[in-house]
Amino acid sequence: MNDSEMLEIVCARAWPPVVDEALGDWRLRWADGFTGRANSGLAVGDPGRSVAVALKAVCDFAHDRGIPPVVQVIQDSGTEREVAAAGWREWTEHAAGYQVSVLFGPLPAGPVQGAEVLDEPTPAWWELAADNPSPGAAERHVLSTGKVGYGVVDVHGVTAGAVRGAIVDGWLHVSRLAVRPEFRRRGLASALMFALAGWGRAHGAERWVLQVAVENEGALKLYSALGCTEHHRYRYWGPGAPACEDPQS
């Protein structure tokens with residue numbers, strides 16, 4: 001297993017779906033439609049059968065659970081070439097961005113400006129991080145399972161920003177960074193990241209890893225300023241008709 005595959009597995013463990021089934025080394029994932037990462041096949045490693053047969057299993061799994069059949073594949077890998085050869089195409093419909101940069105770097109130190117990391121999420125954290133102060137079971141499972149810290153920063157009694165951190169094998173996986181529009185450009189995003197980095201160090205992490213859509217230029221600029229560099233990219237792929245027809249349709 002190469003470093004890119006290892007990091008993909010770390011990230012997947014930090015973002016656990018509700019249903020996670022093995023297909024050889026691949027993972028079939030479902031979380032009631034909450035995020036692409038938790039509702040796709042993770043095509044990393046050897047599926048234990050031909051890629052074409054594995055992709056049929058991805059289709060069957062997705063159709064049984066009412067989600068689009070999609071695989072997450074390391075860009076420019078041998079697996080990606082086999083997925084393309086099987087008639088699948090880049091799944092550009094993915095709203096959050098079908099091409100993702102995986103960043104990593106050492107945990108930095110800096111001013112936290114009132115940011116802190118909580119052991120339990122607050123309704124305000126849910127509102128910012130998940131766009132829902134009363135999340136459903138799938139969102140709670142994905143965002144609350146494992147060793148998780150919930151970063152918040154308050155301004156005049158208002159939760160102005162939030163972020164999520166999860167510890168996996170000495171890595172701090174960072175996600176769901178959000179700052180309310182009226183509080184942006186005050187350094188709060190950096191403060192949240194510094195607070196989360198300190199929390200990560202306290203729990204044995206030495207580096208962090210982030211998954212960021214390549215179109216999200218603002219986030220990429222922030223993370224670059226915090227010392228992160230790109231490790232690799234992945235893309236989402238979906239079937240080209242009629243490669244994966246739903247027997248129920």
# chains A, B, ... in the order shown; residues from 1 in each chain; ligands from 1
call {"tool": "residues_around", "arguments": {"residues": "Ala178 (chain A)", "least_positions_apart": "2", "cutoff": "9 Å", "atoms": "only C-alpha atoms", "output": "list in words"}}
result
Leu128, Ala129, Ala160, Gly161, Ala162, Val163, Arg176, Arg180 and Ala189 of chain A
call {"tool": "write_last_selection", "arguments": {"atoms": "all heavy atoms", "output": "PDB file, in the first residue's frame"}}
result
ATOM      1  N   LEU A 128     -23.621  25.544  12.344  1.00  0.00           N
ATOM      2  CA  LEU A 128     -22.540  26.013  11.480  1.00  0.00           C
ATOM      3  C   LEU A 128     -21.874  24.873  10.716  1.00  0.00           C
ATOM      4  O   LEU A 128     -21.632  24.971   9.503  1.00  0.00           O
ATOM      5  CB  LEU A 128     -21.483  26.748  12.312  1.00  0.00           C
ATOM      6  CG  LEU A 128     -21.722  28.224  12.574  1.00  0.00           C
ATOM      7  CD1 LEU A 128     -20.692  28.750  13.567  1.00  0.00           C
ATOM      8  CD2 LEU A 128     -21.659  29.023  11.282  1.00  0.00           C
ATOM      9  N   ALA A 129     -21.568  23.791  11.394  1.00  0.00           N
ATOM     10  CA  ALA A 129     -20.770  22.725  10.794  1.00  0.00           C
ATOM     11  C   ALA A 129     -21.588  21.790   9.910  1.00  0.00           C
ATOM     12  O   ALA A 129     -21.047  21.203   8.970  1.00  0.00           O
ATOM     13  CB  ALA A 129     -20.078  21.920  11.886  1.00  0.00           C
ATOM     14  N   ALA A 160     -19.384  32.235  16.414  1.00  0.00           N
ATOM     15  CA  ALA A 160     -19.074  32.817  15.109  1.00  0.00           C
ATOM     16  C   ALA A 160     -18.409  31.837  14.159  1.00  0.00           C
ATOM     17  O   ALA A 160     -18.408  32.057  12.940  1.00  0.00           O
ATOM     18  CB  ALA A 160     -18.167  34.035  15.291  1.00  0.00           C
ATOM     19  N   GLY A 161     -17.817  30.774  14.678  1.00  0.00           N
ATOM     20  CA  GLY A 161     -17.118  29.815  13.829  1.00  0.00           C
ATOM     21  C   GLY A 161     -17.084  28.444  14.452  1.00  0.00           C
ATOM     22  O   GLY A 161     -17.259  28.285  15.672  1.00  0.00           O
ATOM     23  N   ALA A 162     -16.890  27.442  13.611  1.00  0.00           N
ATOM     24  CA  ALA A 162     -16.855  26.059  14.087  1.00  0.00           C
ATOM     25  C   ALA A 162     -15.944  25.243  13.182  1.00  0.00           C
ATOM     26  O   ALA A 162     -15.716  25.592  12.022  1.00  0.00           O
ATOM     27  CB  ALA A 162     -18.260  25.458  14.100  1.00  0.00           C
ATOM     28  N   VAL A 163     -15.423  24.141  13.721  1.00  0.00           N
ATOM     29  CA  VAL A 163     -14.598  23.214  12.957  1.00  0.00           C
ATOM     30  C   VAL A 163     -14.648  21.856  13.648  1.00  0.00           C
ATOM     31  O   VAL A 163     -14.949  21.774  14.849  1.00  0.00           O
ATOM     32  CB  VAL A 163     -13.143  23.724  12.831  1.00  0.00           C
ATOM     33  CG1 VAL A 163     -12.429  23.668  14.183  1.00  0.00           C
ATOM     34  CG2 VAL A 163     -12.355  22.970  11.770  1.00  0.00           C
ATOM     35  N   ARG A 176     -15.180  20.525   8.086  1.00  0.00           N
ATOM     36  CA  ARG A 176     -16.354  21.343   8.447  1.00  0.00           C
ATOM     37  C   ARG A 176     -15.995  22.702   9.033  1.00  0.00           C
ATOM     38  O   ARG A 176     -16.716  23.242   9.881  1.00  0.00           O
ATOM     39  CB  ARG A 176     -17.273  20.581   9.411  1.00  0.00           C
ATOM     40  CG  ARG A 176     -17.611  19.171   9.013  1.00  0.00           C
ATOM     41  CD  ARG A 176     -18.204  19.075   7.626  1.00  0.00           C
ATOM     42  NE  ARG A 176     -19.610  19.493   7.564  1.00  0.00           N
ATOM     43  CZ  ARG A 176     -20.407  19.281   6.514  1.00  0.00           C
ATOM     44  NH1 ARG A 176     -19.934  18.695   5.431  1.00  0.00           N
ATOM     45  NH2 ARG A 176     -21.651  19.681   6.519  1.00  0.00           N
ATOM     46  N   ARG A 180     -19.329  32.380  10.304  1.00  0.00           N
ATOM     47  CA  ARG A 180     -20.495  33.144   9.869  1.00  0.00           C
ATOM     48  C   ARG A 180     -20.053  34.327   9.005  1.00  0.00           C
ATOM     49  O   ARG A 180     -19.027  34.977   9.299  1.00  0.00           O
ATOM     50  CB  ARG A 180     -21.282  33.660  11.075  1.00  0.00           C
ATOM     51  CG  ARG A 180     -21.924  32.568  11.916  1.00  0.00           C
ATOM     52  CD  ARG A 180     -22.775  33.152  13.029  1.00  0.00           C
ATOM     53  NE  ARG A 180     -23.254  32.128  13.937  1.00  0.00           N
ATOM     54  CZ  ARG A 180     -24.337  31.383  13.730  1.00  0.00           C
ATOM     55  NH1 ARG A 180     -25.051  31.562  12.619  1.00  0.00           N
ATOM     56  NH2 ARG A 180     -24.697  30.477  14.605  1.00  0.00           N
ATOM     57  N   ALA A 189     -10.982  31.992  11.438  1.00  0.00           N
ATOM     58  CA  ALA A 189     -10.710  30.668  10.871  1.00  0.00           C
ATOM     59  C   ALA A 189      -9.336  30.178  11.303  1.00  0.00           C
ATOM     60  O   ALA A 189      -9.170  29.013  11.699  1.00  0.00           O
ATOM     61  CB  ALA A 189     -10.811  30.719   9.348  1.00  0.00           C
TER      62      ALA A 189
END
call {"tool": "select_by_dssp", "arguments": {"residues": "region 5-225 of chain A", "states": "helix (DSSP H, G or I)", "output": "ChimeraX atom specification"}}
result
/A:5-14,51-65,78-85,123-130,137-144,181-183,188-202,217-225
call {"tool": "closest_residue", "arguments": {"among": "A:Asp64, A:Glu182, A:Leu7, A:Ala191", "to": "Gly170 (chain A)", "atoms": "only C-alpha atoms"}}
result
A:Leu7
call {"tool": "closest_residue", "arguments": {"among": "A:Leu220, A:Val51, A:Val214, A:Ile167", "to": "Ala12 (chain A)", "atoms": "only C-alpha atoms"}}
result
A:Ile167
call {"tool": "residues_around", "arguments": {"residues": "Gly238 (chain A)", "least_positions_apart": "2", "cutoff": "9 Å", "atoms": "only C-alpha atoms", "output": "ChimeraX atom specification"}}
result
/A:68-71,88-92,236,240,244
call {"tool": "select_by_dssp", "arguments": {"residues": "region 1-234 of chain A", "states": "strand (DSSP E)", "output": "number ranges by chain"}}
result
A: 19-23, 26-30, 41-42, 71-74, 88-90, 99-106, 115-118, 147-155, 158-168, 171-179, 207-213, 229-234
call {"tool": "residues_around", "arguments": {"residues": "Asp154 (chain A)", "least_positions_apart": "2", "cutoff": "10 Å", "atoms": "only C-alpha atoms", "output": "MDAnalysis selection string"}}
result
chainID A and resid 113:116 152 156:162 188
call {"tool": "write_last_selection", "arguments": {"atoms": "N, CA and C atoms", "output": "short mmCIF file (atom, residue, chain, number, x, y, z; two decimals), in the first residue's frame"}}
result
data_model
loop_
_atom_site.label_atom_id
_atom_site.label_comp_id
_atom_site.auth_asym_id
_atom_site.auth_seq_id
_atom_site.Cartn_x
_atom_site.Cartn_y
_atom_site.Cartn_z
N GLN A 113 -7.30 33.29 19.92
CA GLN A 113 -8.29 34.37 19.94
C GLN A 113 -9.65 33.94 20.49
N GLY A 114 -9.64 33.23 21.60
CA GLY A 114 -10.89 32.83 22.23
C GLY A 114 -11.47 31.54 21.70
N ALA A 115 -10.84 30.92 20.70
CA ALA A 115 -11.33 29.64 20.19
C ALA A 115 -11.02 28.53 21.19
N GLU A 116 -11.88 27.53 21.24
CA GLU A 116 -11.68 26.38 22.11
C GLU A 116 -12.22 25.14 21.44
N VAL A 152 -14.94 25.72 18.45
CA VAL A 152 -15.85 26.86 18.36
C VAL A 152 -15.09 28.13 18.74
N HIS A 156 -18.85 38.06 21.31
CA HIS A 156 -19.97 38.74 21.97
C HIS A 156 -21.15 37.80 22.20
N GLY A 157 -20.85 36.60 22.66
CA GLY A 157 -21.90 35.65 23.00
C GLY A 157 -22.48 34.88 21.83
N VAL A 158 -21.95 35.10 20.62
CA VAL A 158 -22.44 34.41 19.43
C VAL A 158 -21.37 33.44 18.95
N THR A 159 -21.75 32.20 18.66
CA THR A 159 -20.81 31.25 18.08
C THR A 159 -20.55 31.67 16.63
N ALA A 160 -19.38 32.23 16.41
CA ALA A 160 -19.07 32.82 15.11
C ALA A 160 -18.41 31.84 14.16
N GLY A 161 -17.82 30.77 14.68
CA GLY A 161 -17.12 29.81 13.83
C GLY A 161 -17.08 28.44 14.45
N ALA A 162 -16.89 27.44 13.61
CA ALA A 162 -16.85 26.06 14.09
C ALA A 162 -15.94 25.24 13.18
N LEU A 188 -10.65 34.57 12.48
CA LEU A 188 -11.29 33.54 13.30
C LEU A 188 -11.04 32.14 12.76
#
call {"tool": "residues_around", "arguments": {"residues": "region 32-34 of chain A", "least_positions_apart": "2", "cutoff": "8 Å", "atoms": "only C-alpha atoms", "output": "list in words"}}
result
Val18, Trp30, Gly36, Ala38, Asn39, Ile67, Ala138 and Glu139 of chain A
